[in-house]
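Heads up, the thing below is written out as structure tokens.
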Amino acid sequence: MRVIVVEDEHAMADAVARGLRRDGMAVDVAYDGDSGSEKLSFTRYDVAVLDRDLPGRSGDQLCDEVLATGGTTRVLMLTASATLADKVEGLSRGADDYLAKPFDFPELVARVRALGRRATPAVPPTLVAGDVRLDPARRTVHRGPVPVELTRKEFGVLEVLLGAGGAVISSEELLERVWDENADPFTTTVRVTVMTLRKKLGDPGVIETVVGAGYRVPDAG
């Protein structure tokens with residue numbers, strides 16, 4: 001899942017980003033509305049976490065920009081005000097959810113995950129291909145009865161491939177969906193991650209390479 005956090009309090013923004021990354025998400029950060037707008041214009045995010053009170057463009061303006069694209073990005077608004085009127089105003093602008101500061105971090109993670117599920121086509125609660133089972137909620141993978149320990153990036157790659165239902169996913173799309181803006185697009189990061197993932201999943205092989213196109217799990221669904 002790809003997430004952007006736009007928050008001018010640097011410590012809070014960085015803490016939220018670290019926590020979401022620990023939960024397996026790819027997270028970009030912007031500390032003002034203008035840089036947030038620029039990132040949103042170039043990258044497809046599943047969820048945008050927007051502070052309402054930002055220097056430059058406000059969170060409300062960013063929400064309007066997201067909605068104007070007609071894309072699938074879901075918006076979670078953060079605000080220092082917990083009044084009902086403020087919440088109604090934020091939601092009436094088209095935001096998908098609203099969270100007042102201070103908030104409990106587990107609640108933020110749960111809301112971001114819920115919005116992320118709404119940003120992508122519906123998939124089964126457990127992703128299956130042959131004897132490989134991935135449970136996104138529990139962050140577990142099994143091959144038959146045996147648990148498979150994966151890194152966050154390996155888990156993310158497998159989740160995207162299984163969720164594609166047998167379709168081919170390019171290296172560029174995997175880089176966009178699983179990594180964040182700090183990833184170097186000219187490295188072999190995706191290829192190396194797929195290679196280690198294949199080793200951990202074992203034989204017979206689960207992930208196919210489609211030369212010149214990307215990767216797929218043919219019997220996912």
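Following the order of the structure tokens, first chain is A, next is B, and so on, with residues numbered from 1 inside each chain and ligands from 1 in the order they appear.
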
If we count only C-alpha atoms, what is near His10 (chain A) at a cut-off of 10 Å, once residues fewer than 2 positions away on the same chain are taken out, given as a ChimeraX atom specification? /A:6-8,12-16,29-32

Using only C-alpha atoms, determine which residues lie at most 10 Å from Val112 (chain A), disregarding the query and same-chain residues fewer than 2 positions distant; provide the list as a CSV table (one decimal) with C-alpha atoms, in the first residue's frame.
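Result file is part-v9.csv:
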```csv
chain,number,residue,atom,x,y,z
A,1,MET,CA,0.0,0.0,0.0
A,3,VAL,CA,0.6,6.3,1.5
A,20,LEU,CA,3.1,3.0,9.0
A,25,MET,CA,3.3,0.3,4.0
A,46,ASP,CA,-3.8,4.5,-2.0
A,47,VAL,CA,-4.3,6.9,1.0
A,48,ALA,CA,-3.4,10.5,1.6
A,49,VAL,CA,-3.2,11.5,5.3
A,74,ARG,CA,-8.7,7.9,-0.2
A,75,VAL,CA,-8.3,10.9,2.1
A,76,LEU,CA,-7.9,10.8,5.9
A,97,ASP,CA,-12.4,9.8,7.1
A,106,PRO,CA,-3.2,1.9,16.4
A,107,GLU,CA,-6.5,3.6,15.4
A,108,LEU,CA,-4.7,5.6,12.7
A,109,VAL,CA,-3.1,2.4,11.3
A,110,ALA,CA,-6.5,0.7,11.3
A,114,ALA,CA,-9.4,0.3,5.9
A,115,LEU,CA,-9.2,3.2,3.5
A,116,GLY,CA,-6.5,1.4,1.5
A,117,ARG,CA,-8.8,-1.6,1.0
A,118,ARG,CA,-11.4,0.8,-0.4
```

Mind dumping a table of every region 107-153 of chain A residue within 9 Å of region 197-203 of chain A, with the nearest atom pair and its distance in Å to one decimal, using only C-alpha atoms, sorted by chain and rising number, as CSV?
```
residue,atom,partner,partner_atom,distance
A:Val132,CA,A:Leu201,CA,8.2
A:His142,CA,A:Leu201,CA,8.7
A:Arg143,CA,A:Leu201,CA,6.9
A:Val148,CA,A:Lys200,CA,6.9
A:Glu149,CA,A:Lys200,CA,7.8
A:Leu150,CA,A:Leu197,CA,7.5
A:Thr151,CA,A:Leu197,CA,9.0
```

Selected residues written out, N, CA and C atoms, as an mmCIF file, in the first residue's frame:
```
data_model
loop_
_atom_site.group_PDB
_atom_site.id
_atom_site.type_symbol
_atom_site.label_atom_id
_atom_site.label_comp_id
_atom_site.auth_asym_id
_atom_site.auth_seq_id
_atom_site.Cartn_x
_atom_site.Cartn_y
_atom_site.Cartn_z
ATOM 1 N N VAL A 132 0.060 -21.752 -1.384
ATOM 2 C CA VAL A 132 0.565 -20.534 -0.743
ATOM 3 C C VAL A 132 -0.619 -19.679 -0.291
ATOM 4 N N HIS A 142 1.865 -18.673 4.533
ATOM 5 C CA HIS A 142 2.100 -20.111 4.732
ATOM 6 C C HIS A 142 2.277 -20.788 3.375
ATOM 7 N N ARG A 143 3.164 -21.755 3.334
ATOM 8 C CA ARG A 143 3.242 -22.664 2.185
ATOM 9 C C ARG A 143 2.822 -24.023 2.702
ATOM 10 N N VAL A 148 6.012 -19.046 6.471
ATOM 11 C CA VAL A 148 7.152 -18.511 5.733
ATOM 12 C C VAL A 148 7.438 -17.108 6.268
ATOM 13 N N GLU A 149 8.642 -16.916 6.793
ATOM 14 C CA GLU A 149 9.015 -15.615 7.340
ATOM 15 C C GLU A 149 9.542 -14.717 6.231
ATOM 16 N N LEU A 150 8.880 -13.584 6.020
ATOM 17 C CA LEU A 150 9.268 -12.655 4.962
ATOM 18 C C LEU A 150 9.571 -11.281 5.540
ATOM 19 N N THR A 151 10.442 -10.546 4.844
ATOM 20 C CA THR A 151 10.647 -9.147 5.193
ATOM 21 C C THR A 151 9.424 -8.348 4.754
#
```

Ala183 (chain A) proximity check over A:Ala26, A:Gly130, A:Pro102, A:Arg216, using only C-alpha atoms: winner is A:Ala26

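Using only C-alpha atoms, the nearest neighbour of Val206 (chain A) within the list A:Val192, A:Leu161, A:Leu54, A:Ala167 is A:Leu161.
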
Nearest residue to Val66 (chain A) from the set A:Val168, A:Val5, A:Ala95, A:Val210 (distances using only C-alpha atoms):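 When distances to Val66 (chain A) are compared using only C-alpha atoms, the smallest one comes from A:Ala95.
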
DSSP strand (DSSP E or B) residues within region 19-82 of chain A, listed as an MDAnalysis selection string: chainID A and resid 26:30 47:51 74:79

Output N, CA and C atoms for every residue in that selection, as a PDB file, in the first residue's frame.
```pdb
ATOM      1  N   ALA A  26       4.373   1.537   2.183  1.00  0.00           N
ATOM      2  CA  ALA A  26       5.345   2.443   1.564  1.00  0.00           C
ATOM      3  C   ALA A  26       4.838   3.859   1.774  1.00  0.00           C
ATOM      4  N   VAL A  27       5.646   4.697   2.435  1.00  0.00           N
ATOM      5  CA  VAL A  27       5.164   6.002   2.883  1.00  0.00           C
ATOM      6  C   VAL A  27       6.074   7.126   2.399  1.00  0.00           C
ATOM      7  N   ASP A  28       5.481   8.135   1.782  1.00  0.00           N
ATOM      8  CA  ASP A  28       6.161   9.380   1.442  1.00  0.00           C
ATOM      9  C   ASP A  28       5.677  10.466   2.397  1.00  0.00           C
ATOM     10  N   VAL A  29       6.522  11.468   2.628  1.00  0.00           N
ATOM     11  CA  VAL A  29       6.195  12.533   3.571  1.00  0.00           C
ATOM     12  C   VAL A  29       6.375  13.890   2.903  1.00  0.00           C
ATOM     13  N   ALA A  30       5.462  14.804   3.177  1.00  0.00           N
ATOM     14  CA  ALA A  30       5.599  16.208   2.777  1.00  0.00           C
ATOM     15  C   ALA A  30       5.280  17.058   3.999  1.00  0.00           C
ATOM     16  N   VAL A  47      -3.724   6.017  -0.117  1.00  0.00           N
ATOM     17  CA  VAL A  47      -4.286   6.852   0.952  1.00  0.00           C
ATOM     18  C   VAL A  47      -3.431   8.103   1.124  1.00  0.00           C
ATOM     19  N   ALA A  48      -4.096   9.239   1.286  1.00  0.00           N
ATOM     20  CA  ALA A  48      -3.435  10.495   1.628  1.00  0.00           C
ATOM     21  C   ALA A  48      -3.878  10.902   3.029  1.00  0.00           C
ATOM     22  N   VAL A  49      -2.923  11.028   3.948  1.00  0.00           N
ATOM     23  CA  VAL A  49      -3.187  11.489   5.310  1.00  0.00           C
ATOM     24  C   VAL A  49      -2.830  12.968   5.341  1.00  0.00           C
ATOM     25  N   LEU A  50      -3.827  13.841   5.469  1.00  0.00           N
ATOM     26  CA  LEU A  50      -3.638  15.274   5.302  1.00  0.00           C
ATOM     27  C   LEU A  50      -3.986  16.031   6.576  1.00  0.00           C
ATOM     28  N   ASP A  51      -3.041  16.824   7.066  1.00  0.00           N
ATOM     29  CA  ASP A  51      -3.354  17.764   8.134  1.00  0.00           C
ATOM     30  C   ASP A  51      -4.146  18.917   7.522  1.00  0.00           C
ATOM     31  N   ARG A  74      -7.791   7.608  -1.356  1.00  0.00           N
ATOM     32  CA  ARG A  74      -8.683   7.896  -0.237  1.00  0.00           C
ATOM     33  C   ARG A  74      -8.017   8.899   0.695  1.00  0.00           C
ATOM     34  N   VAL A  75      -8.824   9.777   1.303  1.00  0.00           N
ATOM     35  CA  VAL A  75      -8.300  10.879   2.105  1.00  0.00           C
ATOM     36  C   VAL A  75      -8.697  10.729   3.571  1.00  0.00           C
ATOM     37  N   LEU A  76      -7.683  10.760   4.436  1.00  0.00           N
ATOM     38  CA  LEU A  76      -7.896  10.809   5.880  1.00  0.00           C
ATOM     39  C   LEU A  76      -7.424  12.173   6.358  1.00  0.00           C
ATOM     40  N   MET A  77      -8.328  12.974   6.909  1.00  0.00           N
ATOM     41  CA  MET A  77      -7.996  14.315   7.387  1.00  0.00           C
ATOM     42  C   MET A  77      -7.623  14.272   8.869  1.00  0.00           C
ATOM     43  N   LEU A  78      -6.554  14.987   9.211  1.00  0.00           N
ATOM     44  CA  LEU A  78      -6.149  15.151  10.598  1.00  0.00           C
ATOM     45  C   LEU A  78      -6.384  16.602  11.003  1.00  0.00           C
ATOM     46  N   THR A  79      -6.832  16.812  12.226  1.00  0.00           N
ATOM     47  CA  THR A  79      -7.073  18.174  12.677  1.00  0.00           C
ATOM     48  C   THR A  79      -6.906  18.268  14.180  1.00  0.00           C
TER      49      THR A  79
END
```

So, with only C-alpha atoms as the atoms that count, which of A:Gly33, A:Gly24, A:Gly19, A:Gly144 lies closest to Cys63 (chain A)?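 Using only C-alpha atoms, Cys63 (chain A) sits closest to A:Gly33.
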